[in-house]
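Q: The structure under discussion is supplied below as structure tokens; questions concerning it will follow.
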Amino acid sequence: WLKIDDTIIDYPVMQTTDNEYYLDHNINQEKDRNGALFLDKDCDVVKRSTNLIIYGHHMKSGRMFGNLDDYESEQYYKKHPIIQFDTIYEKGTYEIMYVFRSRVYSEGEVVFKYYQFIDADSEQEFNSYMEEMASMSFYDTGVSAQFGDQLLTLSTCDYEETNGRFVVVAKKVTKE
């Protein structure tokens, strides 16, 4: 379950073997243009991936991640710095670190692709991802992460460019 206090974001999070199904199905597996929030198919909540990526539509109605881009404002971030994400295995409180825009790149483009950062195999790789995201962030939250920390990334469509994405990245601060 994903919740950000005093926002519309208060939803169950689904996961399946592909990243397509919940784009147009709700939690009851009914066709629904709102879709559902869903965890990337490659993320593992049992063996706990370094970074759990949750996708959701940017609905004009504000539903799902329709208001996620409010985080472009540092003032908004200061009022909503915490994300609660609980799985069936654990509760989790996360502090927001980075907020940025990106896009989905073609396979051949050699650039930072935040949506491919699920597991860091080394401290060097982790630090490289942190530096990339910090350099793209709209503002400095003062929150940083070290190798071994658990991350949560929220991703939605962004219409400022073709295949654009709006991204919020947070670090787990409680371990229950």
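For the structure tokens, the naming scheme is as follows: chains receive sequential letters (A, B, ...) according to their order of presentation, residues are indexed from 1 within each chain, and ligands are indexed from 1 in presentation order.
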Per residue of range 44-86 of chain A within 10 Å of range 161-169 of chain A, record the nearest atom pair and its distance in Å to one decimal, counting only C-alpha atoms, with rows in chain order and ascending residue number, as a tab-separated table.
A:
residue	atom	partner	partner_atom	distance
A:Asn51	CA	A:Val169	CA	9.1
A:Leu52	CA	A:Val169	CA	9.7
A:Ile53	CA	A:Val169	CA	8.9
A:Ile54	CA	A:Val167	CA	10.0
A:Tyr55	CA	A:Val167	CA	9.6
A:His58	CA	A:Phe166	CA	9.2
A:Phe65	CA	A:Phe166	CA	9.6
A:Leu68	CA	A:Phe166	CA	7.6
A:Asp69	CA	A:Phe166	CA	6.4
A:Tyr71	CA	A:Val168	CA	7.8
A:Glu72	CA	A:Phe166	CA	9.0
A:Ile83	CA	A:Val169	CA	9.9
Q: Could the residues in this selection be written to a file with all heavy atoms, as a tab-separated table (two decimals), in the first residue's frame?
A:
chain	number	residue	atom	x	y	z
A	51	ASN	N	16.13	-0.96	-5.22
A	51	ASN	CA	15.21	0.11	-5.58
A	51	ASN	C	13.89	-0.49	-6.06
A	51	ASN	O	13.87	-1.23	-7.03
A	51	ASN	CB	15.84	0.96	-6.69
A	51	ASN	CG	15.02	2.17	-7.05
A	51	ASN	OD1	14.26	2.69	-6.26
A	51	ASN	ND2	15.20	2.63	-8.28
A	52	LEU	N	12.81	-0.18	-5.37
A	52	LEU	CA	11.49	-0.62	-5.78
A	52	LEU	C	10.87	0.50	-6.62
A	52	LEU	O	10.75	1.63	-6.14
A	52	LEU	CB	10.61	-0.91	-4.57
A	52	LEU	CG	11.10	-2.02	-3.64
A	52	LEU	CD1	10.17	-2.15	-2.43
A	52	LEU	CD2	11.21	-3.35	-4.37
A	53	ILE	N	10.52	0.20	-7.85
A	53	ILE	CA	9.95	1.21	-8.75
A	53	ILE	C	8.46	0.97	-8.89
A	53	ILE	O	8.03	-0.12	-9.28
A	53	ILE	CB	10.62	1.16	-10.14
A	53	ILE	CG1	12.14	1.34	-10.02
A	53	ILE	CG2	10.02	2.24	-11.05
A	53	ILE	CD1	12.90	1.16	-11.32
A	54	ILE	N	7.68	2.00	-8.57
A	54	ILE	CA	6.22	1.93	-8.69
A	54	ILE	C	5.78	2.88	-9.80
A	54	ILE	O	6.14	4.06	-9.80
A	54	ILE	CB	5.53	2.29	-7.36
A	54	ILE	CG1	5.94	1.31	-6.28
A	54	ILE	CG2	4.01	2.33	-7.55
A	54	ILE	CD1	5.43	1.66	-4.89
A	55	TYR	N	4.99	2.35	-10.73
A	55	TYR	CA	4.46	3.13	-11.85
A	55	TYR	C	2.98	3.41	-11.64
A	55	TYR	O	2.27	2.59	-11.06
A	55	TYR	CB	4.61	2.36	-13.17
A	55	TYR	CG	6.03	1.98	-13.50
A	55	TYR	CD1	6.48	0.68	-13.32
A	55	TYR	CD2	6.92	2.93	-14.01
A	55	TYR	CE1	7.78	0.33	-13.63
A	55	TYR	CE2	8.23	2.58	-14.32
A	55	TYR	CZ	8.65	1.28	-14.12
A	55	TYR	OH	9.93	0.93	-14.43
A	58	HIS	N	-0.60	9.31	-14.90
A	58	HIS	CA	-0.73	10.72	-14.58
A	58	HIS	C	-2.11	11.15	-15.09
A	58	HIS	O	-2.24	11.67	-16.19
A	58	HIS	CB	0.39	11.52	-15.27
A	58	HIS	CG	0.40	12.95	-14.89
A	58	HIS	ND1	-0.30	13.90	-15.60
A	58	HIS	CD2	1.00	13.60	-13.88
A	58	HIS	CE1	-0.10	15.08	-15.04
A	58	HIS	NE2	0.68	14.93	-14.00
A	65	PHE	N	-1.21	8.78	-10.02
A	65	PHE	CA	-0.11	9.73	-9.82
A	65	PHE	C	-0.37	11.06	-10.52
A	65	PHE	O	0.54	11.76	-10.93
A	65	PHE	CB	1.21	9.12	-10.30
A	65	PHE	CG	1.80	8.11	-9.37
A	65	PHE	CD1	2.76	7.21	-9.83
A	65	PHE	CD2	1.46	8.04	-8.02
A	65	PHE	CE1	3.34	6.27	-8.98
A	65	PHE	CE2	2.03	7.11	-7.16
A	65	PHE	CZ	2.97	6.23	-7.65
A	68	LEU	N	1.50	13.85	-8.85
A	68	LEU	CA	2.89	13.61	-8.45
A	68	LEU	C	3.79	14.77	-8.87
A	68	LEU	O	4.73	15.13	-8.15
A	68	LEU	CB	3.40	12.29	-9.05
A	68	LEU	CG	4.69	11.75	-8.45
A	68	LEU	CD1	4.51	11.35	-6.99
A	68	LEU	CD2	5.18	10.54	-9.25
A	69	ASP	N	3.48	15.38	-10.01
A	69	ASP	CA	4.33	16.48	-10.49
A	69	ASP	C	4.22	17.74	-9.64
A	69	ASP	O	4.97	18.70	-9.84
A	69	ASP	CB	4.11	16.77	-11.97
A	69	ASP	CG	2.68	17.15	-12.31
A	69	ASP	OD1	1.81	17.13	-11.41
A	69	ASP	OD2	2.43	17.46	-13.48
A	71	TYR	N	5.38	17.81	-6.92
A	71	TYR	CA	6.69	17.77	-6.27
A	71	TYR	C	7.74	18.60	-7.01
A	71	TYR	O	8.85	18.78	-6.50
A	71	TYR	CB	7.19	16.34	-6.11
A	71	TYR	CG	6.64	15.68	-4.86
A	71	TYR	CD1	5.61	14.75	-4.95
A	71	TYR	CD2	7.13	16.00	-3.60
A	71	TYR	CE1	5.09	14.15	-3.81
A	71	TYR	CE2	6.62	15.42	-2.46
A	71	TYR	CZ	5.60	14.49	-2.57
A	71	TYR	OH	5.09	13.91	-1.43
A	72	GLU	N	7.42	19.13	-8.17
A	72	GLU	CA	8.36	20.04	-8.83
A	72	GLU	C	8.59	21.27	-7.94
A	72	GLU	O	9.65	21.88	-7.95
A	72	GLU	CB	7.85	20.45	-10.21
A	72	GLU	CG	8.87	21.27	-10.97
A	72	GLU	CD	8.48	21.52	-12.41
A	72	GLU	OE1	7.45	21.00	-12.88
A	72	GLU	OE2	9.24	22.25	-13.09
A	83	ILE	N	6.94	9.32	2.33
A	83	ILE	CA	6.10	8.36	1.62
A	83	ILE	C	6.01	7.11	2.48
A	83	ILE	O	7.02	6.64	3.00
A	83	ILE	CB	6.72	7.98	0.25
A	83	ILE	CG1	6.88	9.22	-0.64
A	83	ILE	CG2	5.88	6.91	-0.43
A	83	ILE	CD1	7.72	8.96	-1.89
Q: Just the residues within 8 Å of range 18-26 of chain A, please, counting only C-alpha atoms, with nothing from its chain fewer than 3 positions along; format it as a list of chain:residue names.
A: A:Met14, A:Gln29, A:Glu30, A:Lys31, A:Asp32, A:Arg33, A:Asn34, A:Gly35, A:Ala36, A:Leu37, A:Phe38, A:Asp40, A:Lys41, A:Gly56, A:His57
Q: Please run DSSP on the backbone and report, as a ChimeraX atom specification, all residues within chain A that come out as strand (DSSP E or B).
A: /A:2-3,10-11,13-14,25,31,37-39,51-55,58,64,82-85,93-103,151-158,164-172
Q: Select, from A:Phe147, A:Arg103, A:Thr141, A:Met97, the residue with the minimum atom-to-atom distance to Asp121 in chain A, counting only C-alpha atoms.
A: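 That would be A:Phe147, the residue with the smallest distance to Asp121 in chain A.
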Q: With distances taken over only C-alpha atoms, which of A:Arg48, A:Asp5, A:Asp70, A:Phe100 is nearest to Phe138 in chain A?
A: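 Using only C-alpha atoms, Phe138 in chain A sits closest to A:Phe100.
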Q: Give the alpha helix (DSSP H) residues of chain A, as assigned by DSSP on the backbone, as a compact mmCIF listing (two decimals) with C-alpha atoms, in the first residue's frame.
A:
# COMPACT_ATOMS: atom_id res chain seq x y z
CA GLU A 74 10.11 22.63 -3.31
CA GLN A 75 7.35 24.12 -1.12
CA TYR A 76 5.11 21.16 -1.93
CA TYR A 77 7.95 18.75 -1.13
CA LYS A 78 8.50 20.44 2.25
CA LYS A 79 4.83 19.82 3.12
CA GLU A 123 28.93 0.52 -4.08
CA GLN A 124 30.43 2.20 -7.15
CA GLU A 125 27.33 1.42 -9.22
CA PHE A 126 25.02 2.65 -6.42
CA ASN A 127 26.99 5.89 -6.00
CA SER A 128 26.92 6.48 -9.75
CA TYR A 129 23.11 6.21 -9.75
CA MET A 130 22.88 8.59 -6.77
CA GLU A 131 25.10 11.16 -8.52
CA GLU A 132 23.04 10.98 -11.71
CA MET A 133 19.77 11.49 -9.86
CA ALA A 134 21.16 14.26 -7.67
CA SER A 135 22.37 16.16 -10.74
CA MET A 136 18.90 15.89 -12.33
Q: Given only C-alpha atoms as the basis, pick out the residue of A:Ala170, A:Ile8, A:Ile27, A:Asp119 nearest to Ser61 in chain A.
A: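 Checking each candidate against Ser61 in chain A, we get A:Ile8 as the closest.
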Q: Using CA of Asp6 in chain A and CA of Val46 in chain A as the two end points, give the distance in Å to one decimal.
A: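 It comes out at 29.2 Å.
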Q: For Gly142 in chain A, which residue out of A:Ile88, A:Ile9, A:Ile96, A:Val110 is the nearest one, using only C-alpha atoms?
A: A:Ile96
Q: To one decimal place in Å, what is the distance between CA of Phe85 in chain A and CA of Tyr11 in chain A?
A: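 It comes out at 9.8 Å.
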Q: Which one of A:Thr93, A:Ser144, A:Gln150, A:Ser102 sits closest to Ile4 in chain A if you count only C-alpha atoms?
A: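 Ranking A:Thr93, A:Ser144, A:Gln150, A:Ser102 by distance to Ile4 in chain A, first place goes to A:Thr93.
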Q: Counting only C-alpha atoms, figure out which residue out of A:Thr7, A:Tyr105, A:Met64, A:Asp158 gets nearest to Ile82 in chain A.
A: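 Under the stated criterion, the closest residue is A:Thr7.
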Q: What does the distance from CA of Cys157 in chain A to CA of Arg101 in chain A come to in Å, to one decimal?
A: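 Here the two named atoms are 9.5 Å from each other.
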